[in-house]
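Worksheet: one structure, shown below.
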Amino acid sequence: MSRVSIDLNADLGEGFGRWTLTDDERLLTVVTSANVACGFHAGDAPTMRRVCELAAERGVSIGAQVSYRDLAGFGRRAMDVPAPELAAEVAYQIGALEVFARAAGSRVSYVKPHGALYNRVVRDGEQAAAVVEGVLLAGGALPVLGLPGSRLLEAAAAAGLPAVPEAFGDRAYQADGSLLPRGREGAVVADPERVVERSVSMARAGTVTAHDGAVVPVDAHSLCLHGDTPGAVELARRVRAGLEAAGIRVEAFA
């Protein structure tokens, strides 16, 4: 289904202490929503504060990017966390970011899982329900960003939360609409022209070509580009320019 507007989101604040990964300041001149690391896979208090201040200055929506507690593995290692513990940790991360968002004159506008948690809640109903419980525990009816058709979005909708489907311009898809695992060859799309072409196709036609050549329907309200991808800023600029050249408005969903 063709869209006249789409959100452009990126993972930001993915540093810790003296270590930095994402070019937050420049990416915040391009994206309309910022998925801010909340300290469990990356991020620390000063980084969270700085990213919230920059996002608020530039009118970019602030989202809590929640994760399993896995700093060493950048939140990309499979973990088995009991549902009550996961719900509490999701609420904890949202609450921490909300402090800095409000201090900057903004607020947390949505929630998005990261890495292994994101992939787990595509199919795991118990973990998906725990994430939604954590959102509710944090005290707000926040939109939840996730993969179309995922158990996470089903659980969010069932709980009365806005369920926002997203797509990935720089990640390869499988024929069932899931993402090709990062360990597989070609999981990350590196060619900027292909990323732009795929992004425009998803926004305008609602389809993407999967890794095996199948045409997959994608009904996305937001488009994600990974902030840790080499050349992420220039890639984001090219994607935004391509969308706008195709007559698609780039604006926040929340």
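We name chains A, B, ... following the order of the structure tokens; residues begin at 1 in each chain, and ligands are numbered from 1 as shown.
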request  = Check the DSSP output for the backbone and give back, as number ranges by chain, the residues of range 59-167 of chain A in helix (DSSP H, G or I).
outcome  = A: 83-103, 115-123, 125-137, 151-158
request  = Write out as a list in words which residues come within 8 Å of Ala141 in chain A when counting only C-alpha atoms, dropping same-chain ones fewer than 5 positions away.
outcome  =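 My list of contacting residues is Val135, Leu136, Gly160, Leu161 and Pro162 of chain A.
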Contact check, range 85-156 of chain A to range 207-223 of chain A, at most 9 Å, counting only C-alpha atoms, closest pairs as CSV:
```
residue,atom,partner,partner_atom,distance
A:Leu145,CA,A:Ser222,CA,8.3
A:Leu147,CA,A:Ala220,CA,8.5
A:Pro148,CA,A:Asp219,CA,7.0
```
Tell me, counting only C-alpha atoms, for each residue of range 4-90 of chain A within 6 Å of range 111-114 of chain A, which pair of atoms is nearest and how far apart they are in Å to one decimal, in rows ordered by chain and increasing number, as a Markdown table.
```
| residue | atom | partner | partner_atom | distance |
| --- | --- | --- | --- | --- |
| A:Gly63 | CA | A:Val111 | CA | 5.3 |
| A:Ala64 | CA | A:Val111 | CA | 4.8 |
| A:Gln65 | CA | A:Lys112 | CA | 4.9 |
| A:Val66 | CA | A:Pro113 | CA | 4.8 |
| A:Ser67 | CA | A:His114 | CA | 5.2 |
```
request  = Go through A:Gly206, A:Gly169, A:Gly177, A:Gly149 and flag the residue nearest Ala232 in chain A, using only C-alpha atoms for the distances.
outcome  =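 Ranked by minimum distance to Ala232 in chain A, first place goes to A:Gly169.
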Near-Thr22 in chain A list (7 Å; only C-alpha atoms; drop same-chain fewer than 3 positions) as a list in words =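 Contacts, with the query itself left out: Leu12, Gly13, Glu14, Gly227 and Asp228 of chain A.
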message = For a test of reading the model, state the distance in Å between CA of Val233 in chain A and CA of Val30 in chain A, rounded to one decimal.
response =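 These two atoms are separated by 7.9 Å.
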request  = Enumerate as a list in words all residues of range 185-244 of chain A assigned to strand (DSSP E) by DSSP on the backbone, naming them with the chain letters and numbers the document uses.
outcome  = Thr207, Val208, Thr209, Val215, Val216, Pro217, Ser222, Leu223, Cys224 and Leu225 of chain A
key: Nearest to Glu53 in chain A by atom-to-atom distance, counting only C-alpha atoms, from A:Phe40, A:Phe100, A:Tyr92, A:Phe253   =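 Using only C-alpha atoms, the shortest distance to Glu53 in chain A belongs to A:Phe100.
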List every residue of range 31-58 of chain A that has an atom at most 12 Å from any atom of range 74-84 of chain A, and for each one report the closest atom pair and its distance in Å to one decimal, counting only C-alpha atoms, with rows sorted by chain and then by increasing residue number, as CSV.
```
residue,atom,partner,partner_atom,distance
A:Ala37,CA,A:Gly75,CA,10.3
A:Cys38,CA,A:Gly75,CA,11.3
A:Gly39,CA,A:Phe74,CA,10.3
A:Phe40,CA,A:Gly75,CA,7.4
A:His41,CA,A:Gly75,CA,4.6
A:Ala42,CA,A:Phe74,CA,6.4
A:Gly43,CA,A:Phe74,CA,10.2
```
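Using only C-alpha atoms, the contacts of Ala129 in chain A at a cut-off of 12 Å, with sequence neighbours closer than 6 positions omitted, comprise A:Pro82, A:Ala83, A:Pro84, A:Leu86, A:Ala87, A:Val90, A:Arg120, A:Val121, A:Val122, A:Arg123, A:Val135, A:Leu136, A:Val144, A:Ser150, A:Arg151, A:Leu152, A:Leu153, A:Glu154, A:Ala155, A:Ala156, A:Ala157, A:Ala158, A:Ala159, A:Leu161.
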message = Measuring between only C-alpha atoms, which one of A:Ala72, A:Ala88, A:Leu54, A:Val200 shows the shortest distance to Glu244 in chain A?
response =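 Smallest distance to Glu244 in chain A is found for A:Val200.
Picture a line from CA of Asn35 in chain A to CA of Gly242 in chain A; it runs 21.9 Å.
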message = Can you tell me which residues surround Ser106 in chain A at a distance of at most 10 Å, considering only C-alpha atoms, apart from same-chain residues fewer than 5 positions away, and format the answer as a list of chain:residue names?
response =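 Returned residues: A:Cys52, A:Glu53, A:Ala55, A:Ala56, A:Glu57, A:Gly59, A:Val60, A:Ser61, A:Ile62, A:Glu98, A:Val99, A:Phe100, A:Ala101.
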Quick one: write out the picked residues with C-alpha atoms as a CSV table (one decimal), in the first residue's frame?
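This went into again-v4.csv:
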```
chain,number,residue,atom,x,y,z
A,52,CYS,CA,17.7,13.8,24.6
A,53,GLU,CA,18.9,17.4,24.7
A,55,ALA,CA,16.7,15.5,20.0
A,56,ALA,CA,14.6,18.0,21.8
A,57,GLU,CA,16.4,21.0,20.3
A,59,GLY,CA,12.2,18.4,17.2
A,60,VAL,CA,13.1,14.7,16.9
A,61,SER,CA,10.8,12.2,18.7
A,62,ILE,CA,12.6,10.3,21.5
A,98,GLU,CA,12.0,9.6,30.7
A,99,VAL,CA,14.0,11.6,33.3
A,100,PHE,CA,16.4,12.9,30.7
A,101,ALA,CA,13.7,13.5,28.1
```
request  = Quote the spacing between CA of Val31 in chain A and CA of Ala190 in chain A in Å to one decimal place.
outcome  = 19.1 Å
